[in-house]
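Student: Data: my_file.txt, compact mmCIF, C-alpha atoms and all ligand atoms.
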# COMPACT_ATOMS: atom_id res chain seq x y z
CA MET W 357 0.00 0.00 0.00
CA PRO W 358 1.35 3.51 -0.71
CA ARG W 359 2.33 5.40 2.44
CA LEU W 360 0.86 8.57 3.91
CA ALA W 361 2.91 11.76 4.09
CA SER W 362 5.05 11.98 7.23
CA ARG W 363 3.22 15.13 8.38
CA ILE W 364 0.14 13.01 9.05
CA GLY W 365 2.17 11.05 11.60
CA ARG W 366 2.94 14.36 13.27
CA ALA W 367 -0.70 15.56 13.31
CA LYS W 368 -2.55 14.36 16.42
CA PRO W 369 -6.27 14.35 17.16
CA SER W 370 -7.22 17.01 19.73
CA ALA W 371 -6.97 15.86 23.39
CA ILE W 372 -9.75 18.27 24.28
CA MET W 373 -12.13 16.63 21.84
CA GLN W 374 -11.28 13.20 23.31
CA VAL W 375 -12.50 14.25 26.78
CA ALA W 376 -15.59 15.82 25.24
CA GLU W 377 -16.31 12.60 23.35
CA LYS W 378 -16.04 10.51 26.52
CA ALA W 379 -18.37 12.90 28.37
CA LYS W 380 -20.84 12.68 25.46
CA ARG W 381 -20.72 8.87 25.54
CA LEU W 382 -21.42 8.75 29.30
CA LYS W 383 -24.30 11.19 28.80
CA ALA W 384 -25.75 8.98 26.07
CA GLU W 385 -25.57 6.09 28.55
CA GLY W 386 -27.84 8.07 30.85
CA ARG W 387 -25.22 9.51 33.27
CA ASP W 388 -25.74 13.00 34.69
CA ILE W 389 -22.75 14.80 33.19
CA ILE W 390 -21.68 18.41 33.72
CA SER W 391 -19.21 19.48 31.10
CA PHE W 392 -16.45 21.94 31.91
CA SER W 393 -14.46 20.62 28.98
CA ILE W 394 -15.05 22.30 25.64
CA GLY W 395 -13.94 25.88 25.02
CA VAL W 396 -17.17 27.06 23.47
CA PRO W 397 -18.93 30.22 24.62
CA ASN W 398 -22.33 28.48 24.80
CA PHE W 399 -24.48 31.38 23.63
CA LEU W 400 -25.92 32.36 20.27
CA PRO W 401 -25.47 35.67 18.47
CA GLY W 402 -28.23 38.28 18.31
CA PRO W 403 -31.15 38.00 15.82
CA HIS W 404 -29.61 40.60 13.47
CA VAL W 405 -26.87 38.08 12.64
CA TYR W 406 -29.38 35.46 11.50
CA GLU W 407 -31.38 38.09 9.58
CA ALA W 408 -28.24 39.13 7.70
CA ALA W 409 -27.43 35.51 6.88
CA ALA W 410 -30.98 34.83 5.66
CA ASN W 411 -30.93 38.00 3.61
CA ALA W 412 -27.64 36.98 1.99
CA LEU W 413 -29.27 33.78 0.78
CA THR W 414 -31.73 35.80 -1.28
CA HIS W 415 -28.93 37.83 -2.88
CA ASP W 416 -26.47 35.06 -3.75
CA SER W 417 -24.03 36.33 -6.37
CA GLY W 418 -23.28 32.82 -7.56
CA GLN W 419 -19.58 33.79 -7.80
CA TYR W 420 -16.32 33.10 -6.04
CA GLY W 421 -15.34 35.87 -3.63
CA SER W 422 -12.24 37.75 -2.52
CA ASN W 423 -9.23 35.74 -1.29
CA ARG W 424 -8.67 38.41 1.37
CA GLY W 425 -12.27 38.58 2.56
CA ALA W 426 -14.98 40.84 1.11
CA ASP W 427 -14.18 44.56 1.33
CA ALA W 428 -17.16 45.17 3.62
CA LEU W 429 -15.99 42.40 5.96
CA ILE W 430 -12.44 43.70 6.15
CA ASP W 431 -13.71 47.26 6.66
CA ALA W 432 -15.90 46.02 9.54
CA PHE W 433 -12.89 44.27 11.07
CA VAL W 434 -10.71 47.39 10.74
CA ALA W 435 -13.37 49.42 12.55
CA HIS W 436 -13.68 46.71 15.21
CA MET W 437 -9.92 46.83 15.85
CA GLY W 438 -10.15 50.60 16.14
CA GLU W 439 -12.44 50.15 19.15
CA ILE W 440 -9.59 48.51 21.08
CA GLY W 441 -7.11 51.16 20.04
CA LEU W 442 -5.51 49.27 17.16
CA THR W 443 -5.78 52.07 14.63
CA GLY W 444 -4.16 53.00 11.33
CA TYR W 445 -4.70 49.62 9.67
CA THR W 446 -6.03 49.48 6.10
CA ARG W 447 -7.55 46.67 4.05
CA ALA W 448 -4.05 45.86 2.77
CA ASN W 449 -2.93 45.04 6.33
CA CYS W 450 -5.70 42.50 6.90
CA ALA W 451 -7.00 39.12 5.81
CA ALA W 452 -9.83 36.84 6.92
CA GLY W 453 -9.82 33.05 7.20
CA ILE W 454 -11.96 30.08 8.21
CA GLY W 455 -11.53 30.82 11.92
CA ALA W 456 -8.44 31.99 13.80
CA LYS W 457 -7.10 28.43 13.70
CA HIS W 458 -6.96 28.55 9.92
CA VAL W 459 -5.37 32.01 9.98
CA ILE W 460 -2.69 30.77 12.40
CA TYR W 461 -2.09 27.71 10.22
CA ASN W 462 -1.71 29.98 7.18
CA LEU W 463 0.77 32.11 9.12
CA ALA W 464 2.75 29.04 10.15
CA GLU W 465 3.04 28.06 6.49
CA ALA W 466 3.88 31.61 5.46
CA LEU W 467 6.48 32.32 8.16
CA LEU W 468 8.12 29.01 9.10
CA ASP W 469 10.39 26.93 6.93
CA GLU W 470 11.06 23.37 8.10
CA GLY W 471 13.41 23.50 11.11
CA ASP W 472 12.73 27.16 11.94
CA THR W 473 11.92 27.83 15.58
CA ILE W 474 8.66 29.06 17.00
CA ALA W 475 8.75 30.05 20.68
CA PHE W 476 5.70 30.31 22.91
CA PRO W 477 4.79 30.20 26.61
CA THR W 478 3.50 27.08 28.36
CA PRO W 479 0.61 26.55 29.18
CA TYR W 480 -0.37 26.97 25.53
CA TRP W 481 -3.43 26.44 23.40
CA THR W 482 -3.00 22.84 22.16
CA SER W 483 -3.22 23.64 18.46
CA TYR W 484 -0.02 25.72 18.59
CA VAL W 485 1.99 22.53 19.03
CA ASP W 486 -0.01 20.59 16.46
CA ILE W 487 0.27 23.32 13.83
CA ALA W 488 4.01 23.79 14.45
CA GLU W 489 4.52 20.04 14.15
CA ILE W 490 2.61 19.81 10.89
CA VAL W 491 4.89 22.42 9.29
CA ASN W 492 7.90 20.69 10.93
CA ALA W 493 9.04 23.71 12.92
CA LYS W 494 11.15 23.43 16.07
CA ILE W 495 9.25 24.43 19.19
CA ASP W 496 10.83 26.35 22.05
CA LEU W 497 8.49 26.13 25.04
CA LEU W 498 8.81 28.87 27.64
CA PRO W 499 7.56 27.43 30.94
CA CYS W 500 5.28 29.72 32.94
CA PRO W 501 4.30 27.69 36.03
CA PRO W 502 1.47 28.52 38.45
CA GLU W 503 4.04 30.08 40.82
CA GLN W 504 4.47 32.90 38.28
CA ASN W 505 0.73 33.08 37.60
CA TYR W 506 1.25 31.33 34.25
CA LYS W 507 2.74 34.57 32.86
CA LEU W 508 5.89 35.09 30.85
CA THR W 509 8.51 37.34 32.42
CA PRO W 510 10.62 39.86 30.47
CA ALA W 511 13.78 37.92 31.44
CA GLN W 512 12.36 34.71 30.00
CA LEU W 513 11.37 36.48 26.81
CA ASP W 514 14.80 38.05 26.52
CA ALA W 515 16.51 34.67 26.88
CA ALA W 516 14.18 33.08 24.32
CA LEU W 517 14.57 35.84 21.72
CA ALA W 518 18.33 35.88 22.09
CA LYS W 519 18.16 32.46 20.39
CA LYS W 520 16.54 34.22 17.40
CA PRO W 521 13.37 32.20 16.83
CA ARG W 522 11.61 33.01 13.57
CA VAL W 523 8.31 33.48 15.39
CA PHE W 524 7.28 34.35 18.93
CA LEU W 525 3.64 33.41 19.53
CA PHE W 526 1.79 35.07 22.39
CA ASN W 527 -1.76 34.54 23.61
CA ASN W 528 -3.58 37.13 25.73
CA PRO W 529 -6.11 36.58 27.36
CA SER W 530 -4.94 33.00 27.66
CA ASN W 531 -6.56 29.74 26.82
CA PRO W 532 -6.19 27.64 29.04
CA THR W 533 -5.33 29.84 32.06
CA GLY W 534 -7.61 32.88 31.66
CA MET W 535 -4.63 35.07 32.55
CA VAL W 536 -4.59 38.62 31.18
CA TYR W 537 -1.42 40.71 31.01
CA SER W 538 -1.69 44.15 32.59
CA LYS W 539 -0.62 47.30 30.76
CA ASP W 540 2.65 47.38 32.70
CA GLU W 541 3.38 43.73 31.94
CA ILE W 542 2.76 44.29 28.21
CA ASN W 543 4.96 47.40 28.27
CA ALA W 544 7.81 45.45 29.88
CA LEU W 545 7.56 42.60 27.35
CA ALA W 546 7.31 45.08 24.46
CA ASP W 547 10.56 46.71 25.62
CA VAL W 548 12.23 43.33 25.15
CA LEU W 549 10.61 42.67 21.76
CA VAL W 550 11.99 45.87 20.24
CA LYS W 551 15.53 44.59 20.85
CA TYR W 552 15.08 41.59 18.55
CA PRO W 553 14.17 42.68 15.00
CA ASP W 554 14.60 39.20 13.47
CA THR W 555 11.54 37.66 15.11
CA TRP W 556 7.93 37.90 13.95
CA VAL W 557 5.46 38.33 16.78
CA ILE W 558 2.00 36.78 16.58
CA THR W 559 -0.48 37.96 19.22
CA ASP W 560 -3.37 35.51 19.29
CA ASP W 561 -5.75 37.73 21.17
CA ILE W 562 -9.10 36.30 20.16
CA TYR W 563 -10.47 36.79 23.73
CA ASN W 564 -9.60 40.51 23.70
CA ARG W 565 -13.22 41.56 24.46
CA MET W 566 -13.50 39.09 27.32
CA VAL W 567 -11.52 40.92 29.98
CA PHE W 568 -12.69 41.43 33.58
CA ASP W 569 -12.10 43.71 36.55
CA GLY W 570 -11.66 46.75 34.29
CA ILE W 571 -7.99 45.89 33.55
CA GLY W 572 -8.49 46.38 29.80
CA TYR W 573 -6.86 44.73 26.80
CA HIS W 574 -3.30 45.72 25.88
CA ASN W 575 -1.20 44.83 22.85
CA PHE W 576 2.53 45.26 22.19
CA VAL W 577 1.60 47.72 19.44
CA HIS W 578 -0.09 49.98 22.01
CA ALA W 579 3.11 49.94 24.05
CA ARG W 580 5.65 50.35 21.25
CA PRO W 581 4.03 51.46 17.96
CA GLU W 582 7.23 50.67 16.04
CA LEU W 583 6.49 46.98 16.64
CA ARG W 584 3.67 47.27 14.10
CA GLU W 585 6.25 46.25 11.46
CA ARG W 586 6.51 42.80 13.04
CA VAL W 587 3.39 42.20 15.12
CA ILE W 588 0.57 40.16 13.63
CA PHE W 589 -2.70 40.49 15.55
CA ILE W 590 -5.20 37.61 15.44
CA ASP W 591 -8.92 37.93 16.12
CA SER W 592 -12.01 35.75 15.71
CA LEU W 593 -15.77 35.89 15.96
CA SER W 594 -15.94 32.44 17.60
CA LYS W 595 -15.83 33.39 21.27
CA THR W 596 -16.79 37.08 21.37
CA TYR W 597 -19.94 36.66 19.31
CA GLY W 598 -20.91 33.09 20.17
CA MET W 599 -20.18 32.01 16.59
CA PRO W 600 -17.58 29.19 16.76
CA GLY W 601 -19.22 27.13 14.04
CA TRP W 602 -19.49 30.01 11.60
CA ARG W 603 -15.70 29.94 11.21
CA VAL W 604 -14.55 33.53 10.82
CA GLY W 605 -11.09 34.69 11.92
CA PHE W 606 -8.82 37.58 11.02
CA MET W 607 -5.27 38.84 11.04
CA ALA W 608 -3.88 42.35 10.88
CA GLY W 609 -0.21 43.17 10.43
CA PRO W 610 2.36 44.20 7.86
CA GLU W 611 1.07 44.27 4.27
CA THR W 612 3.53 41.56 3.16
CA ILE W 613 2.18 39.19 5.79
CA ALA W 614 -1.45 39.94 4.94
CA GLN W 615 -0.60 39.33 1.28
CA ALA W 616 1.03 36.00 2.17
CA VAL W 617 -2.15 34.93 4.00
CA VAL W 618 -4.21 36.02 0.99
CA THR W 619 -1.99 33.86 -1.23
CA MET W 620 -2.45 30.88 1.10
CA ASN W 621 -6.20 31.52 1.10
CA SER W 622 -6.24 31.58 -2.68
CA ASN W 623 -4.72 28.10 -2.66
CA HIS W 624 -6.55 26.58 0.31
CA ILE W 625 -10.05 28.02 0.43
CA THR W 626 -10.49 30.73 -2.25
CA ASN W 627 -12.94 32.69 -0.12
CA LEU W 628 -15.24 32.78 2.91
CA PRO W 629 -18.83 31.88 1.95
CA GLU W 630 -21.17 34.81 1.23
CA VAL W 631 -23.70 33.87 3.91
CA THR W 632 -20.98 33.64 6.55
CA THR W 633 -19.54 36.95 5.42
CA ALA W 634 -22.92 38.68 5.76
CA ALA W 635 -23.43 37.21 9.25
CA ALA W 636 -19.92 38.27 10.28
CA ILE W 637 -20.43 41.85 9.09
CA ALA W 638 -23.70 42.01 11.02
CA ALA W 639 -22.01 40.69 14.17
CA LEU W 640 -19.17 43.22 13.93
CA THR W 641 -21.26 46.26 13.01
CA GLY W 642 -24.61 45.53 14.67
CA PRO W 643 -25.75 45.87 18.30
CA GLN W 644 -23.09 44.73 20.76
CA ASP W 645 -25.43 44.00 23.67
CA VAL W 646 -25.08 40.19 23.52
CA PRO W 647 -21.26 40.07 23.81
CA ARG W 648 -21.29 42.83 26.46
CA GLN W 649 -23.88 41.07 28.57
CA LYS W 650 -22.04 37.74 28.24
CA ASN W 651 -18.84 39.29 29.44
CA VAL W 652 -20.59 40.48 32.61
CA GLU W 653 -22.01 36.98 33.05
CA PHE W 654 -18.61 35.34 32.57
CA GLN W 655 -17.03 37.60 35.15
CA ALA W 656 -19.71 36.54 37.67
CA LYS W 657 -19.08 32.88 36.77
CA ARG W 658 -15.35 33.42 37.24
CA ASP W 659 -16.12 34.66 40.76
CA GLN W 660 -18.22 31.55 41.44
CA VAL W 661 -15.43 29.25 40.21
CA MET W 662 -12.79 31.05 42.26
CA ALA W 663 -14.86 30.97 45.44
CA VAL W 664 -14.86 27.18 45.25
CA MET W 665 -11.24 26.79 44.07
CA ASP W 666 -10.00 29.04 46.89
CA SER W 667 -11.92 26.94 49.41
CA ILE W 668 -10.29 23.59 48.54
CA PRO W 669 -7.18 22.84 50.60
CA GLY W 670 -4.23 22.02 48.33
CA VAL W 671 -5.71 23.54 45.15
CA LYS W 672 -3.85 26.58 43.84
CA CYS W 673 -5.66 28.54 41.16
CA PRO W 674 -4.17 31.81 39.86
CA ARG W 675 -7.10 34.19 39.47
CA PRO W 676 -8.20 34.43 35.83
CA GLN W 677 -9.15 37.87 34.52
CA GLY W 678 -10.41 37.00 31.07
CA ALA W 679 -11.73 34.46 28.56
CA PHE W 680 -13.82 31.75 30.29
CA TYR W 681 -11.27 29.38 31.73
CA ALA W 682 -9.71 28.60 35.09
CA PHE W 683 -6.61 26.47 35.38
CA PRO W 684 -6.19 25.13 38.92
CA ASP W 685 -3.04 23.32 40.01
CA ILE W 686 -4.42 20.02 41.35
CA SER W 687 -1.09 18.27 41.83
CA ALA W 688 -1.81 17.95 45.58
CA ALA W 689 -4.09 15.06 44.55
CA PHE W 690 -1.32 13.05 42.88
CA GLY W 691 -0.35 9.86 44.68
CA ARG W 692 -3.74 9.71 46.39
CA THR W 693 -6.85 7.58 45.83
CA HIS W 694 -10.49 8.52 45.45
CA GLY W 695 -11.92 6.73 48.53
CA PRO W 696 -15.45 5.78 47.39
CA THR W 697 -14.38 4.39 43.99
CA GLY W 698 -10.84 3.27 44.79
CA LEU W 699 -9.57 5.04 41.69
CA ALA W 700 -5.87 5.86 42.01
CA ILE W 701 -4.67 9.29 40.91
CA GLY W 702 -1.13 9.35 39.60
CA ASN W 703 -1.41 12.34 37.31
CA ASP W 704 -3.74 14.89 35.69
CA VAL W 705 -5.22 12.39 33.22
CA ASP W 706 -6.08 9.96 36.05
CA PHE W 707 -7.59 12.87 37.98
CA CYS W 708 -9.84 13.92 35.08
CA ASN W 709 -10.88 10.33 34.37
CA ALA W 710 -11.68 9.67 38.03
CA LEU W 711 -13.57 12.97 38.36
CA LEU W 712 -15.64 12.09 35.29
CA GLU W 713 -16.28 8.51 36.42
CA ALA W 714 -17.03 9.33 40.05
CA LYS W 715 -18.81 12.68 39.79
CA GLY W 716 -19.78 13.11 36.15
CA VAL W 717 -17.73 16.31 35.79
CA ALA W 718 -15.65 16.66 32.62
CA CYS W 719 -12.48 18.78 32.67
CA VAL W 720 -9.47 18.72 30.36
CA PRO W 721 -6.13 17.45 31.74
CA GLY W 722 -3.48 20.18 31.87
CA SER W 723 -1.01 18.02 29.97
CA ALA W 724 -3.07 18.79 26.84
CA PHE W 725 -1.79 22.36 27.33
CA GLY W 726 1.74 21.47 28.41
CA GLU W 727 1.13 21.77 32.19
CA PRO W 728 0.52 18.33 33.74
CA ARG W 729 0.05 19.70 37.27
CA ALA W 730 -3.22 21.40 36.34
CA LEU W 731 -6.55 20.93 34.62
CA ARG W 732 -8.74 23.29 32.64
CA ILE W 733 -12.22 24.30 33.69
CA SER W 734 -14.23 25.96 30.93
CA TYR W 735 -17.09 27.60 32.83
CA THR W 736 -19.56 28.46 30.06
CA CYS W 737 -22.03 25.71 30.98
CA PRO W 738 -25.63 26.82 31.64
CA THR W 739 -25.65 28.85 34.90
CA PRO W 740 -27.79 26.35 36.88
CA GLN W 741 -25.17 23.64 36.26
CA LEU W 742 -22.15 25.65 37.36
CA GLN W 743 -22.49 25.54 41.16
CA PRO W 744 -23.50 21.84 41.29
CA GLY W 745 -20.51 21.00 39.05
CA LEU W 746 -18.17 22.96 41.30
CA GLU W 747 -19.64 21.33 44.43
CA ARG W 748 -19.00 17.90 42.92
CA PHE W 749 -15.41 18.98 42.25
CA ARG W 750 -15.04 20.05 45.89
CA GLU W 751 -16.59 16.79 47.13
CA PHE W 752 -14.26 14.77 44.93
CA PHE W 753 -11.26 16.48 46.47
CA ALA W 754 -12.62 15.95 49.99
CA GLU W 755 -13.01 12.24 49.28
CA LEU W 756 -9.34 11.72 48.38
CA VAL W 757 -7.42 9.51 50.78
C1 LIG D 1 -6.24 30.91 21.99
C2 LIG D 1 -7.07 30.44 20.84
N1 LIG D 1 -6.70 30.78 19.59
C3 LIG D 1 -7.41 30.39 18.52
C4 LIG D 1 -8.54 29.61 18.66
C5 LIG D 1 -9.30 29.20 17.43
O1 LIG D 1 -10.40 29.99 17.22
P1 LIG D 1 -11.30 29.84 15.92
O2 LIG D 1 -12.59 29.22 16.36
O3 LIG D 1 -11.49 31.24 15.41
O4 LIG D 1 -10.57 28.99 14.95
C6 LIG D 1 -8.96 29.21 19.93
C7 LIG D 1 -10.13 28.34 20.08
O5 LIG D 1 -10.35 27.70 21.09
C8 LIG D 1 -8.21 29.64 21.06
O6 LIG D 1 -8.58 29.34 22.30
When written as C-alpha cells, how does the structure in this file appear?
Ligand SMILES: Cc1ncc(COP(=O)(O)O)c(C=O)c1O

Tutor:
Amino acid sequence: MPRLASRIGRAKPSAIMQVAEKAKRLKAEGRDIISFSIGVPNFLPGPHVYEAAANALTHDSGQYGSNRGADALIDAFVAHMGEIGLTGYTRANCAAGIGAKHVIYNLAEALLDEGDTIAFPTPYWTSYVDIAEIVNAKIDLLPCPPEQNYKLTPAQLDAALAKKPRVFLFNNPSNPTGMVYSKDEINALADVLVKYPDTWVITDDIYNRMVFDGIGYHNFVHARPELRERVIFIDSLSKTYGMPGWRVGFMAGPETIAQAVVTMNSNHITNLPEVTTAAAIAALTGPQDVPRQKNVEFQAKRDQVMAVMDSIPGVKCPRPQGAFYAFPDISAAFGRTHGPTGLAIGNDVDFCNALLEAKGVACVPGSAFGEPRALRISYTCPTPQLQPGLERFREFFAELV
C-alpha cells in the first residue's frame, strides 16, 4: 500500500475533543454529566446576525469571492480593531480566514520553513503545538508555572529571543489559564521585543473583548508602535460573538504578511462563503449588547469558580481575569486515591478520568496544554449547572485519601 505523508504522523487528534467525546458517551448512557471541557462560549449571536445571513441567501451572487475577505468584511474588522485602540490599519494590512485556527495555520506556512523555531509560553493552546509540528518547525516552550501566575517574564522572553526564533507566539487573554497581562506587563515585554528585530510576533488575542475587573486589553503595538512592522494580531468571531461554528477569523499586520495569507487563502479556500460573510459583518457592526452582557455573566461565573477553588485545601488557582477558563493546580491530589471508587490518581489524566467517572464532571487534563500539574475548567455551561458542578469537584477532592 502507498504510504501517507510523514506530516500526518505528526498531526494528532485534539486531546480536548477526546474528553468531550467521553463525556458525550457517558451522557448517552444516561449519566448525569456536567461538562467543563469544551472551550465554546455556549451562547448564540443576536437576531440581526441570523437576519443578515438569511438576507444573503436571497442575494447570492453565484460567484467566487475575494481571497482576502470581502471589502465590507475587512472594513468592519478594521473598525472593530479601532475600538480597542488598534488604529491606522487598512484593508491591505488584513485578511480573513476560516476561523483563527486557519489564519494561524496559514501564518505558520507563510512564516516558518522546516526546522525554523517558533517560541511560545507554556501553558499553551493545544493547536499551537499541532500546527508547528505539521509544518515541521522546532518548538521552544517557555515554561510559565502557576508560581508565576502562568505569565511570561521579560527575562524569559529576553533569553528566548536571544536564540533568534523566527516566530514568537503570544496569547492574551490566555486559553487555558484565563490570565490577562496588565498594561505594565505588556509594556515590559514590548521593551524586550523591540531589541530583537529578526523575530515575527503573533499575538493571538481572540479573547480581547472578554476581559474582567476593568484591567483592559493591551497589545505590544499599544506599548511600542514601532512593533507594528513585526506584530501580527489575530482575532475571531468564535468566542466574542458566540459564533464558533461560523468559522470567521482575522489577522492584521504588515502588508507583506497579509498578502502571504491572501496567497495561502487563494490556494486553500479561495474565499469565505457569502452567507458567513454577511453574518460576520452584522455581528461586527450591529448591536453589541449580547457580547457585552455575556462578558458580565462570565465575570460573575469566574467569581463563582474562584470561590470554590479558593476553598479547597491544596488547590492553587491563579485568578483568571479573562476568557472563560480557570486552570487550577491540582497536583496535591497526585499519589492519592479517590476513597469511594478506589480510583488511584497518579497524574492529571487519572484525575480527570476519576472525576468524570465518580462525579460526572468533565475537565481537560493540563497536559493537553503542556502543564501536567493542572486541569482546565471551561465555565460556560448553563448557569444552573455551574455551582453543582463545582460542588461535585469540591466533594471529589474531599473524598481523596
Ligand atoms: C487561543 C485560541 N486561539 C485560537 C482559537 C481558534 O479559534 P477559531 O474558532 O477562530 O478557529 C482558539 C479556540 O479555542 C483559542 O482558544

Student: Which polymer residues have any atom within 8 Å of an atom of W:Pro397, counting only C-alpha atoms, with same-chain residues fewer than 3 positions away left out, as a list in words?

Tutor: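 Within the cut-off, the hits are Ser594, Lys595, Thr596, Gly598, Phe680 and Thr736 of chain W.
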
Student: Any residue with an atom at most 7 Å from ligand LIG 1 (chain D) counts, using all atoms listed in the file. Which are they? Put them as a PyMOL selection string.

Tutor: chain W and resi 395+454-458+481+527+530-531+560-562+592-594+600+603-605

Student: Between W:Ile487, W:Ala614, W:Ala546, W:Leu468, which has the minimum distance to W:Pro581 (counting all atoms listed in the file)?

Tutor: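 Nearest to W:Pro581: W:Ala546.
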
Student: Just checking: using only C-alpha atoms, which residue out of W:Cys708, W:Val550, W:Ala724, W:Val652 ends up closest to W:Met566?

Tutor: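 For W:Met566, the nearest of the candidates is W:Val652.
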
Student: Counting only C-alpha atoms, which of W:Ala464, W:Leu756, W:Ala635, W:Val646 gets nearest to W:Ala688?

Tutor: W:Leu756

Student: Report the distance between atom CA of W:Arg447 and atom CA of W:Arg586 in Å, rounded to one decimal place.

Tutor: 17.1 Å

Student: So how far away is atom CA of W:Gln615 from atom CA of W:Asp431, in Å?

Tutor: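 Distance between the two atoms: 16.2 Å.
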
Student: Which neighbours of W:Cys673 fall inside 8 Å, counting all atoms listed in the file, when residues of the same chain fewer than 6 positions from it are skipped, and could you give them as a PyMOL selection string?

Tutor: chain W and resi 502+662+665-666+682-685

Student: Which one is closest to W:Gly453: W:Ala634, W:Ile558, W:Ala426, W:Ala408? Count only C-alpha atoms.

Tutor: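 So, comparing all the options, the nearest one is W:Ala426.
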